Amino acid sequence: MGSFEEDELLKMVRDFIESSESPSPTSSNTLSLAHQSTYLMTLQEILRRVIESEAEVVEKVKMHLRNMGSAGEPPNLNKCMVARLKMDGFEASLCKSSWVTTFGRPAVFQFTGDYEYIDVMMKDGEDGKPTRLIVDMDFRSQFELARPTPTYRDLTNTLPSIFVGTEGKLNQIISLLCSAAKQSLKQSGLHIPPWRKASYMQSKWLSEDCKKVSVLPNREVSIDKDEDEAKSTNSGGCSSTNINKWAPPAVKPRGRVVGGGSALSSQFSKMGINCC
């Protein structure tokens with residue numbers, strides 16, 4: 001997506017949010033219906049615009065998830081996905097953000113948050129600068145509300161469960177969904193909680209206090225099956241190979257001595273011993 005198209009889309013989102021927060025004297029029902037359709041159309045337009053690097057990373061992430069399907073998702077899915085993306089040649093990192101947000105007038109409430117996600121640096125920018133892609137393996141649930149309106153439920157259902165996109169695209173989605181969440185809660189007679197405001201949501205992925213954790217590539221994908229099974233027990237569930245249960249080796253039955261005691265009698269007779 002070109003910078004001009006991004007600027008135009010960002011302006012459209014900003015204008016729409018400002019208009020929804022400052023309603024005109026027209027009928028509230030008519031305005032609400034107009035906003036409902038515009039919310040969904042705007043979100044669909046944001047998600048429809050996919051750059052080449054986003055499509056490339058999405059394809060790899062989905063492929064790795066399919067390979068993990070037989071064994072189920074490992075408990076440290078983000079770490080495992082970073083390792084596999086590195087094996088694919090991507091500059092991927094595990095990011096852990098933390099922040100403190102203050103609310104209230106005067107500022108009397110503080111909320112401390114932390115979050116974990118993946119970022120991938122793609123060197124495909126038109127100006128030669130790397131493009132930072134955010135990868136979130138559980139994106140949709142971050143925007144869900146306990147008692148959403150049908151309109152807001154449609155919006156969250158439109159969101160992908162796995163998000164791969166630029167910081168600009170993510171910021172547009174956050175602004176749009178937080179504005180819609182405010183309208184949804186207002187219709188239910190509720191106030192928007194601090195952890196659903198745009199500033200708090202932006203801190204999850206766009207906080208300046210972000211620590212990148214080192215993750216080594218998952219090298220068991222290139223070794224033989226026996227070594228792969230042995231390493232998968234120590235890889236935190238990153239291997240997609242199923243480990244077979246150990247079974248003892250088969251024991252060959254011993255041959256029976258035919259003739260029983262008569263064989264001994266023949267040997268004794270050769271020695272001149274009468275055993276009868």
# chains A, B, ... in the order shown; residues from 1 in each chain; ligands from 1
call {"tool": "closest_atom_pairs", "arguments": {"of": "segment 98-158 of chain A", "to": "segment 177-191 of chain A", "cutoff": "7 Å", "atoms": "only C-alpha atoms", "output": "tab-separated table"}}
result
residue	atom	partner	partner_atom	distance
A:Pro148	CA	A:Ser184	CA	6.3
A:Thr149	CA	A:Ser184	CA	5.6
A:Tyr152	CA	A:Ser184	CA	6.4
call {"tool": "select_by_dssp", "arguments": {"residues": "segment 23-227 of chain A", "states": "helix (DSSP H, G or I)", "output": "JSON, numbers by chain"}}
result
{"A": [28, 29, 30, 31, 32, 33, 34, 35, 36, 37, 38, 39, 40, 41, 42, 43, 44, 45, 46, 47, 48, 52, 53, 54, 55, 56, 57, 58, 59, 60, 61, 62, 63, 64, 65, 66, 67, 68, 77, 78, 79, 80, 81, 82, 83, 84, 85, 86, 87, 140, 141, 142, 143, 150, 151, 152, 153, 154, 155, 156, 157, 158, 167, 168, 169, 170, 171, 172, 173, 174, 175, 176, 177, 178, 179, 180, 181, 182, 183, 184, 185, 186, 187, 194, 195, 196, 198, 199, 200, 201, 202, 203, 204, 205, 206, 219, 220, 221, 222, 225, 226, 227]}
call {"tool": "residues_around", "arguments": {"residues": "Cys210 of chain A", "least_positions_apart": "6", "cutoff": "7 Å", "atoms": "only C-alpha atoms", "output": "list in words"}}
result
Cys95, Lys96, Ser97 and Ser98 of chain A
